[in-house]
Structures are given as C-alpha cells and as structure tokens.
$ cat final-v1.csv   # CSV, C-alpha atoms
chain,number,residue,atom,x,y,z
A,603,MET,CA,119.9,102.9,139.6
A,604,ARG,CA,120.8,103.7,143.2
A,605,LEU,CA,121.8,107.2,144.2
A,606,ARG,CA,125.2,105.8,145.2
A,607,GLU,CA,125.7,105.1,141.4
A,608,VAL,CA,124.5,108.6,140.5
A,609,LYS,CA,127.2,110.0,142.9
A,610,ASP,CA,129.9,107.7,141.5
A,611,ILE,CA,129.0,108.4,137.8
A,612,LEU,CA,129.1,112.1,138.4
A,613,ASP,CA,132.0,112.0,140.8
A,614,ALA,CA,129.8,114.1,143.0
A,615,SER,CA,130.2,115.4,146.6
A,616,VAL,CA,127.2,114.8,148.9
A,617,PHE,CA,126.1,117.6,151.1
A,618,SER,CA,123.0,116.1,152.6
A,619,GLY,CA,121.3,112.7,152.8
A,620,GLU,CA,124.4,110.5,152.8
A,621,GLU,CA,122.3,107.9,154.6
A,622,HIS,CA,119.8,107.8,151.7
A,623,LEU,CA,122.3,106.8,149.0
A,624,ASP,CA,120.8,103.3,148.7
A,625,ARG,CA,117.5,104.8,147.4
A,626,GLU,CA,116.5,103.5,144.0
A,627,VAL,CA,115.8,106.1,141.3
A,628,HIS,CA,114.3,105.5,137.9
A,629,ALA,CA,114.2,108.8,136.1
A,630,ALA,CA,115.8,112.2,136.1
A,631,CYS,CA,115.5,115.6,134.5
A,632,GLY,CA,117.8,118.6,134.0
A,633,SER,CA,116.5,122.2,134.1
A,634,ASP,CA,117.5,125.7,135.3
A,635,LEU,CA,113.9,126.8,135.1
A,636,MET,CA,111.9,125.7,138.1
A,637,SER,CA,108.7,126.9,136.4
A,638,ASP,CA,109.2,124.2,133.8
A,639,VAL,CA,110.0,121.6,136.4
A,640,LEU,CA,106.7,122.4,138.1
A,641,ALA,CA,104.8,122.4,134.8
A,642,PHE,CA,106.1,119.4,132.9
A,643,VAL,CA,108.0,117.0,135.1
A,644,LYS,CA,106.3,113.9,136.2
A,645,ASN,CA,107.6,110.9,138.1
A,646,GLN,CA,111.3,112.0,138.1
A,647,SER,CA,113.4,111.3,141.1
A,648,VAL,CA,116.5,113.3,140.4
A,649,LEU,CA,116.7,117.0,139.4
A,650,LEU,CA,119.9,118.3,137.9
A,651,THR,CA,120.2,122.1,137.9
A,652,GLY,CA,122.7,124.9,137.7
A,653,LEU,CA,120.6,127.1,139.9
A,654,LEU,CA,121.6,127.6,143.4
A,655,ASN,CA,118.9,128.9,145.7
A,656,PRO,CA,116.5,127.4,148.2
A,657,GLN,CA,113.7,127.2,145.7
A,658,VAL,CA,115.5,124.4,144.0
A,659,ILE,CA,115.0,122.3,147.1
A,660,ARG,CA,111.4,123.5,147.5
A,661,THR,CA,110.6,122.6,143.9
A,662,ALA,CA,112.1,119.1,144.4
A,663,GLU,CA,110.0,118.8,147.6
A,664,MET,CA,106.8,119.8,145.9
A,665,MET,CA,107.5,117.3,143.0
A,666,ASP,CA,108.4,114.4,145.4
A,667,MET,CA,111.9,114.3,143.9
A,668,CYS,CA,114.4,112.7,146.3
A,669,CYS,CA,117.7,114.0,144.9
A,670,VAL,CA,119.0,117.3,143.6
A,671,VAL,CA,122.3,117.5,141.8
A,672,ILE,CA,124.0,120.9,141.4
A,673,VAL,CA,126.1,121.0,138.2
A,674,ARG,CA,129.0,123.1,137.0
A,675,GLY,CA,131.1,122.9,140.2
A,676,LYS,CA,129.0,125.2,142.3
A,677,THR,CA,128.9,124.7,146.1
A,678,PRO,CA,125.5,125.0,147.9
A,679,ASP,CA,125.5,127.3,150.9
A,680,GLU,CA,124.4,126.4,154.4
A,681,GLN,CA,120.8,127.6,154.0
A,682,ILE,CA,120.3,125.3,151.0
A,683,VAL,CA,122.0,122.3,152.7
A,684,ASN,CA,120.0,122.7,155.8
A,685,LEU,CA,116.7,122.9,153.9
A,686,ALA,CA,117.7,119.7,152.0
A,687,LYS,CA,118.5,118.0,155.3
A,688,ASP,CA,115.2,119.1,156.7
A,689,LYS,CA,113.3,117.8,153.7
A,690,ASP,CA,115.2,114.5,153.5
A,691,ILE,CA,116.4,115.3,150.1
A,692,VAL,CA,119.8,114.1,148.9
A,693,LEU,CA,121.9,117.1,147.7
A,694,MET,CA,125.0,116.5,145.6
A,695,ALA,CA,127.2,118.7,143.5
A,696,THR,CA,129.3,117.7,140.5
A,697,LYS,CA,132.0,119.6,138.6
A,698,TYR,CA,130.4,118.4,135.3
A,699,PRO,CA,128.3,120.9,133.3
A,700,MET,CA,124.6,120.2,132.7
A,701,TYR,CA,125.0,118.6,129.3
A,702,SER,CA,127.8,116.2,130.4
A,703,ALA,CA,126.1,115.3,133.7
A,704,CYS,CA,122.8,114.4,132.0
A,705,GLY,CA,124.7,112.5,129.3
A,706,LYS,CA,126.7,110.5,131.8
A,707,LEU,CA,123.5,109.5,133.7
A,708,TYR,CA,121.6,108.7,130.6
A,709,SER,CA,124.4,106.5,129.3
A,710,GLY,CA,124.4,104.8,132.6
A,711,GLY,CA,120.8,103.9,132.3
A,712,LEU,CA,118.9,106.7,134.1
A,713,PHE,CA,116.4,108.0,131.6
A,714,GLN,CA,113.7,110.7,131.6
A,715,ASP,CA,110.1,109.7,132.2
A,716,GLU,CA,108.5,111.1,129.1
A,717,GLY,CA,105.0,111.2,130.5
A,718,ARG,CA,103.6,114.7,130.9
B,1288,MET,CA,86.6,113.9,158.3
B,1289,SER,CA,85.3,117.3,159.5
B,1290,LYS,CA,86.3,120.4,157.5
B,1291,LEU,CA,89.8,121.5,158.4
B,1292,HIS,CA,90.9,125.1,158.0
B,1293,LEU,CA,94.5,126.2,157.6
B,1294,TYR,CA,95.6,129.9,157.3
B,1295,TYR,CA,98.9,131.4,156.2
B,1296,GLU,CA,100.3,134.8,155.8
B,1297,ILE,CA,102.8,135.0,152.9
B,1298,ASP,CA,105.7,137.4,153.4
B,1299,GLY,CA,106.3,139.2,150.1
B,1300,SER,CA,109.7,140.4,151.0
B,1301,ASP,CA,111.5,137.1,151.4
B,1302,PHE,CA,111.7,135.1,148.1
B,1303,HIS,CA,114.0,132.6,149.8
B,1304,ALA,CA,111.3,131.7,152.3
B,1305,ALA,CA,108.7,131.1,149.6
B,1306,GLY,CA,107.2,127.7,149.7
B,1307,GLU,CA,107.1,127.3,153.5
B,1308,ALA,CA,103.3,127.5,153.6
B,1309,SER,CA,103.0,125.0,150.7
B,1310,SER,CA,105.4,122.7,152.4
B,1311,ASP,CA,103.2,122.8,155.6
B,1312,VAL,CA,100.1,122.1,153.6
B,1313,LYS,CA,101.8,119.2,151.9
B,1314,ARG,CA,102.8,117.8,155.4
B,1315,VAL,CA,99.3,118.1,156.7
B,1316,LEU,CA,97.7,116.4,153.7
B,1317,LYS,CA,100.2,113.5,153.9
B,1318,GLN,CA,99.4,113.1,157.6
B,1319,LEU,CA,95.7,112.9,156.6
B,1320,ASN,CA,96.6,110.1,154.3
B,1321,PHE,CA,95.6,111.7,151.0
B,1322,ASP,CA,97.1,109.9,148.0
B,1323,SER,CA,100.5,111.1,146.7
B,1324,ASP,CA,99.1,112.4,143.4
B,1325,THR,CA,96.5,114.6,145.2
B,1326,VAL,CA,99.1,115.9,147.6
B,1327,ARG,CA,101.5,116.7,144.8
B,1328,ARG,CA,98.7,118.5,142.8
B,1329,VAL,CA,97.7,120.6,145.8
B,1330,ALA,CA,101.4,121.4,146.6
B,1331,ILE,CA,102.1,122.5,143.0
B,1332,CYS,CA,99.1,124.8,142.9
B,1333,MET,CA,99.8,126.3,146.3
B,1334,TYR,CA,103.5,126.8,145.6
B,1335,GLU,CA,102.9,128.4,142.2
B,1336,GLY,CA,100.4,130.7,143.9
B,1337,GLU,CA,102.8,131.5,146.7
B,1338,ILE,CA,105.6,132.3,144.2
B,1339,ASN,CA,103.2,134.5,142.2
B,1340,MET,CA,102.2,136.4,145.3
B,1341,ILE,CA,105.8,137.1,146.2
B,1342,ILE,CA,106.8,138.0,142.6
B,1343,HIS,CA,103.9,140.2,141.8
B,1344,ALA,CA,102.0,141.3,144.9
B,1345,ASN,CA,104.3,141.7,147.9
B,1346,GLY,CA,102.7,138.7,149.6
B,1347,GLY,CA,99.2,137.9,150.7
B,1348,THR,CA,97.1,135.3,152.6
B,1349,VAL,CA,96.1,131.8,151.9
B,1350,ASP,CA,93.1,129.9,153.4
B,1351,VAL,CA,93.0,126.2,152.9
B,1352,TRP,CA,89.9,124.2,153.4
B,1353,VAL,CA,90.4,120.4,153.6
B,1354,GLU,CA,87.6,117.9,153.3
B,1355,GLU,CA,87.7,114.2,152.3
B,1356,CYS,CA,86.2,115.0,148.9
B,1357,SER,CA,87.7,118.4,148.2
B,1358,ILE,CA,90.6,120.6,149.0
B,1359,GLU,CA,90.1,124.3,148.4
B,1360,LEU,CA,92.8,127.0,148.4
B,1361,VAL,CA,91.9,130.7,148.4
B,1362,LEU,CA,94.9,132.9,147.8
B,1363,ARG,CA,94.3,136.7,148.3
B,1364,ASP,CA,96.6,139.5,147.6
B,1365,THR,CA,96.4,143.3,147.4
B,1366,GLY,CA,98.8,143.6,144.6
B,1367,PRO,CA,98.5,145.4,141.3
B,1368,GLY,CA,95.8,143.0,139.8
B,1369,ILE,CA,95.8,141.3,136.5
B,1370,PRO,CA,94.6,143.6,133.6
B,1371,ASP,CA,94.0,140.8,131.2
B,1372,ILE,CA,93.3,137.4,132.7
B,1373,GLU,CA,93.0,135.6,129.4
B,1374,GLN,CA,96.5,136.8,128.4
B,1375,ALA,CA,97.8,135.8,131.9
B,1376,MET,CA,96.5,132.3,131.3
B,1377,GLN,CA,98.6,131.8,128.2
B,1378,GLU,CA,101.8,129.7,128.8
B,1379,GLY,CA,104.8,131.9,128.4
B,1380,PHE,CA,103.2,135.2,129.1
B,1381,SER,CA,105.0,136.9,131.9
B,1382,THR,CA,105.5,140.3,133.5
B,1383,ALA,CA,108.2,139.1,135.9
B,1384,THR,CA,111.5,140.9,136.2
B,1385,GLN,CA,114.8,139.6,134.9
B,1386,ALA,CA,115.9,139.2,138.5
B,1387,ILE,CA,113.1,136.8,139.2
B,1388,ARG,CA,113.8,134.9,135.9
B,1389,GLU,CA,117.4,134.4,137.1
B,1390,LEU,CA,116.0,132.6,140.1
B,1391,GLY,CA,114.3,130.1,137.9
B,1392,PHE,CA,110.7,131.5,137.9
B,1393,GLY,CA,108.7,134.0,136.0
B,1394,ALA,CA,108.5,132.1,132.8
B,1395,GLY,CA,104.8,132.5,132.5
B,1396,MET,CA,103.9,129.0,133.6
B,1397,GLY,CA,102.4,129.7,137.0
B,1398,LEU,CA,98.6,130.3,136.3
B,1399,PRO,CA,98.5,127.7,133.4
B,1400,ASN,CA,100.2,125.2,135.7
B,1401,ILE,CA,97.7,125.8,138.5
B,1402,LYS,CA,94.9,125.2,136.0
B,1403,ARG,CA,96.6,122.0,134.8
B,1404,HIS,CA,96.9,120.6,138.2
B,1405,SER,CA,93.5,121.6,139.7
B,1406,ASP,CA,90.0,120.6,139.0
B,1407,GLN,CA,88.6,124.2,139.3
B,1408,LEU,CA,90.3,127.6,139.1
B,1409,HIS,CA,88.6,130.9,139.5
B,1410,ILE,CA,90.4,134.2,139.2
B,1411,ALA,CA,88.9,137.4,140.5
B,1412,SER,CA,91.1,140.4,139.9
B,1413,GLU,CA,90.8,144.1,139.8
B,1414,VAL,CA,93.6,146.4,138.7
B,1415,GLY,CA,94.9,148.4,141.7
B,1416,VAL,CA,92.9,146.4,144.2
B,1417,GLY,CA,94.3,142.8,144.1
B,1418,THR,CA,93.7,139.3,143.0
B,1419,THR,CA,92.0,136.3,144.5
B,1420,LEU,CA,92.6,132.8,143.2
B,1421,THR,CA,90.2,130.1,144.3
B,1422,ILE,CA,91.5,126.7,143.5
B,1423,ARG,CA,89.8,123.3,144.0
B,1424,VAL,CA,91.4,119.9,143.9
B,1425,VAL,CA,89.3,116.8,144.0
B,1426,PRO,CA,91.3,113.9,145.5
B,1427,SER,CA,92.0,111.3,142.9
B,1428,GLY,CA,92.2,108.3,145.2
$ encode --input "final-v1.csv" --output "structure tokens"
Amino acid sequence: MRLREVKDILDASVFSGEEHLDREVHAACGSDLMSDVLAFVKNQSVLLTGLLNPQVIRTAEMMDMCCVVIVRGKTPDEQIVNLAKDKDIVLMATKYPMYSACGKLYSGGLFQDEGR
Amino acid sequence: MSKLHLYYEIDGSDFHAAGEASSDVKRVLKQLNFDSDTVRRVAICMYEGEINMIIHANGGTVDVWVEECSIELVLRDTGPGIPDIEQAMQEGFSTATQAIRELGFGAGMGLPNIKRHSDQLHIASEVGVGTTLTIRVVPSG
C-alpha cells in the first residue's frame, strides 16, 4: 500500500513529507507506549499513536519507520512537525480513534508484521 | 577501518531533546555503511540508554567506539544507582514516575530491550554513586 492510500483511507491531513506519499509500506502497528514499540516492533513502516511529543518521531526514526499517524484528531505542534521534516518522516493526523484507524488500514490490506 | 570515537553529553533536563545523540550515532553508522539491522540495534540500545539517563539520572555521558567488527557504547551517569540489577532486568519492572509513563516511556522495558538488541551488556551500578552501562553490538552483516 502506498502512503497516499493510508492518507485517503484515514482521511488524514499531512503535516510533513507530502513529497513521500508514493512510498510503499507493508506493515503497521498501533501503540501509545513507545517502550513497547522499541521492544517488540520489527519491520513495520507505519506507527499509529495517540501520543503527541517529539519522542514519537524519535522512536519512529530509531525503528526505521517512515510514517507516523497521530490519531484521535490531535494536531502536532511545530516542534514535532519540524523534527519529522528533518528526519524525512511522513507525519499525518486523522480524526479517527486508534481502534478505528487500525481497523480501516487492516481492512484495506495493511497488516502487522508478526515477527518479533 | 580505524577505531572511531564519538562522545556525547546528555542533558537530563530536557526530555524533548532526548534521542539527539542516538540520532547522530545512527547517522554516522549509516555513513560508514553498516547494515541496517546493525544500525537499528545500536540506535535502539543507545536511545533506550539515553531515555533512562534522562528519566532516572539527570543525564550523563556516552562514549561510542566504532570498529568494523564491534560497536561499543559506554553510558555513564551519576544518578541514584540501581539497588537490584536482577530486578531491573525484568520486563515490566519500573520506578518511573506517572509523568514519564504518560510520555510513552517508563514501562520497564528499557534494560531488557538493550539486552535483547545487543550482543553483550554489562551493568555496573552503585547506589548513590551512579550507573555505567557497557553495551557491545557485533555487526550482523
């Protein structure tokens, strides 16, 4: 799935990385606990989270994730947007809550890589 | 490759800046053409260590020694120390505050995660004196 489809499925607004929406992604995960993302995630490209602080972008960077989706209608501030731009990470926000956002992407064919 | 040394001072007062040193190490390792799995493992170990220093020890220092066959991270702090290292190594054990948990960390995964992603982890800690983590990652490529 291309990030453009992620954006369309989630009816999301893009805050950084508009030029990277043709990137292909194969797996995603949803978590508000960055500790768990660092511990258990492997080979995911998209991180969905309700957390809104720069460490979300840092975590994605460390894990080689190319896209962060902020759920529940929150709007990222300038500091987070600038960090995402600096790290070439696509940052989107959707009004859908976590469960719905994950369900929509899963139904659309974006699964979770189960490998630990 | 000759041995490369990197040194960072971690500011314990700025949680939002946490990860800048890890990001820099990641950038350097990529430039040196280490494989992506190795770069990610080092980045995770260093980032977890950096976060731990800020959460528990008001910052510290990191020395990174890079060789073709080994990457070693030495993280030193002068924080409160770890009274029971065995307990601290258990997944889920945490002494982090609620405020830190609300930022997405402090779930008791840091040290176990460093162990999982490294080839060697040595923890030297003395209560009231500080903690030194020595982490070694052997490139997988």
$ residues_around --input "final-v1.csv" --residues "Ala641 (chain A)" --least-positions-apart "6" --cutoff "10 Å" --atoms "all atoms listed in the file" --output "ChimeraX atom specification"
/A:718 /B:1331,1335,1378,1396-1397,1399-1401,1403-1404
$ write_last_selection --input "final-v1.csv" --atoms "C-alpha atoms" --output "short mmCIF file (atom, residue, chain, number, x, y, z; two decimals), in the frame of the given file"
data_model
loop_
_atom_site.label_atom_id
_atom_site.label_comp_id
_atom_site.auth_asym_id
_atom_site.auth_seq_id
_atom_site.Cartn_x
_atom_site.Cartn_y
_atom_site.Cartn_z
CA ARG A 718 103.60 114.70 130.90
CA ILE B 1331 102.10 122.50 143.00
CA GLU B 1335 102.90 128.40 142.20
CA GLU B 1378 101.80 129.70 128.80
CA MET B 1396 103.90 129.00 133.60
CA GLY B 1397 102.40 129.70 137.00
CA PRO B 1399 98.50 127.70 133.40
CA ASN B 1400 100.20 125.20 135.70
CA ILE B 1401 97.70 125.80 138.50
CA ARG B 1403 96.60 122.00 134.80
CA HIS B 1404 96.90 120.60 138.20
#
$ atom_distance --input "final-v1.csv" --atom1 "CA of His1303 (chain B)" --atom2 "CA of Pro656 (chain A)"
6.0 Å
$ residues_around --input "final-v1.csv" --residues "Tyr701 (chain A)" --least-positions-apart "5" --cutoff "12 Å" --atoms "only C-alpha atoms" --output "list of chain:residue names"
A:Leu612, A:Cys631, A:Gly632, A:Ser633, A:Asp634, A:Leu650, A:Thr651, A:Gly652, A:Val673, A:Arg674, A:Lys706, A:Leu707, A:Tyr708
$ closest_residue --input "final-v1.csv" --among "A:Thr677, A:Ser702, A:Ser709, A:Asn655" --to "chain B" --atoms "only C-alpha atoms"
A:Asn655
$ closest_residue --input "final-v1.csv" --among "B:Gly1336, B:Pro1370, B:Gly1415, B:Gly1346" --to "chain A" --atoms "all atoms listed in the file"
B:Gly1336
$ closest_residue --input "final-v1.csv" --among "A:Lys609, A:His628, A:Lys687, A:Arg660" --to "chain B" --atoms "all atoms listed in the file"
A:Arg660
$ closest_residue --input "final-v1.csv" --among "B:Ser1310, B:Asn1339, B:Ser1300, B:Thr1325" --to "chain A" --atoms "all atoms listed in the file"
B:Ser1310
$ closest_residue --input "final-v1.csv" --among "A:Thr696, A:Ser637, A:Asn684, A:Asn645" --to "chain B" --atoms "all atoms listed in the file"
A:Ser637
$ interface_residues --input "final-v1.csv" --of "chain A" --to "chain B" --cutoff "9 Å" --atoms "only C-alpha atoms" --output "number ranges by chain"
A: 634-638, 640-642, 653-658, 660-661, 663-666
$ decode --input "final-v1.csv" --residues "region 665-716 of chain A" --atoms "C-alpha atoms" --output "tab-separated table (two decimals), in the first residue's frame"
chain	number	residue	atom	x	y	z
A	665	MET	CA	12.93	1.88	14.22
A	666	ASP	CA	13.32	2.93	10.56
A	667	MET	CA	9.60	3.68	10.32
A	668	CYS	CA	8.77	6.08	7.52
A	669	CYS	CA	5.34	7.31	8.63
A	670	VAL	CA	3.67	8.38	11.88
A	671	VAL	CA	-0.10	8.78	12.09
A	672	ILE	CA	-1.48	10.75	15.04
A	673	VAL	CA	-4.97	9.51	15.89
A	674	ARG	CA	-7.99	10.98	17.72
A	675	GLY	CA	-7.98	14.32	15.94
A	676	LYS	CA	-4.92	15.77	17.65
A	677	THR	CA	-2.80	18.33	15.84
A	678	PRO	CA	1.00	18.09	16.07
A	679	ASP	CA	2.81	21.27	17.09
A	680	GLU	CA	5.61	22.98	15.19
A	681	GLN	CA	8.41	21.25	17.12
A	682	ILE	CA	7.10	17.80	16.19
A	683	VAL	CA	6.41	18.76	12.58
A	684	ASN	CA	9.90	20.22	12.17
A	685	LEU	CA	11.52	17.12	13.63
A	686	ALA	CA	9.51	14.90	11.27
A	687	LYS	CA	10.58	17.07	8.32
A	688	ASP	CA	14.19	16.92	9.45
A	689	LYS	CA	14.06	13.12	9.64
A	690	ASP	CA	12.16	12.66	6.35
A	691	ILE	CA	9.27	11.03	8.18
A	692	VAL	CA	5.75	11.45	6.83
A	693	LEU	CA	3.56	12.84	9.60
A	694	MET	CA	-0.22	12.62	9.30
A	695	ALA	CA	-3.14	13.18	11.63
A	696	THR	CA	-6.56	11.59	11.46
A	697	LYS	CA	-9.76	12.28	13.35
A	698	TYR	CA	-10.38	8.54	13.80
A	699	PRO	CA	-9.59	6.96	17.18
A	700	MET	CA	-6.87	4.29	17.37
A	701	TYR	CA	-9.14	1.26	17.09
A	702	SER	CA	-11.00	2.56	14.06
A	703	ALA	CA	-7.86	3.84	12.33
A	704	CYS	CA	-6.09	0.47	12.75
A	705	GLY	CA	-9.22	-1.39	11.63
A	706	LYS	CA	-9.59	0.68	8.50
A	707	LEU	CA	-5.96	0.15	7.48
A	708	TYR	CA	-6.12	-3.55	8.29
A	709	SER	CA	-9.29	-3.95	6.22
A	710	GLY	CA	-7.54	-2.11	3.44
A	711	GLY	CA	-4.74	-4.68	3.40
A	712	LEU	CA	-2.09	-3.13	5.66
A	713	PHE	CA	-1.27	-5.78	8.25
A	714	GLN	CA	1.14	-6.14	11.14
A	715	ASP	CA	4.40	-7.98	10.69
A	716	GLU	CA	4.06	-10.58	13.46
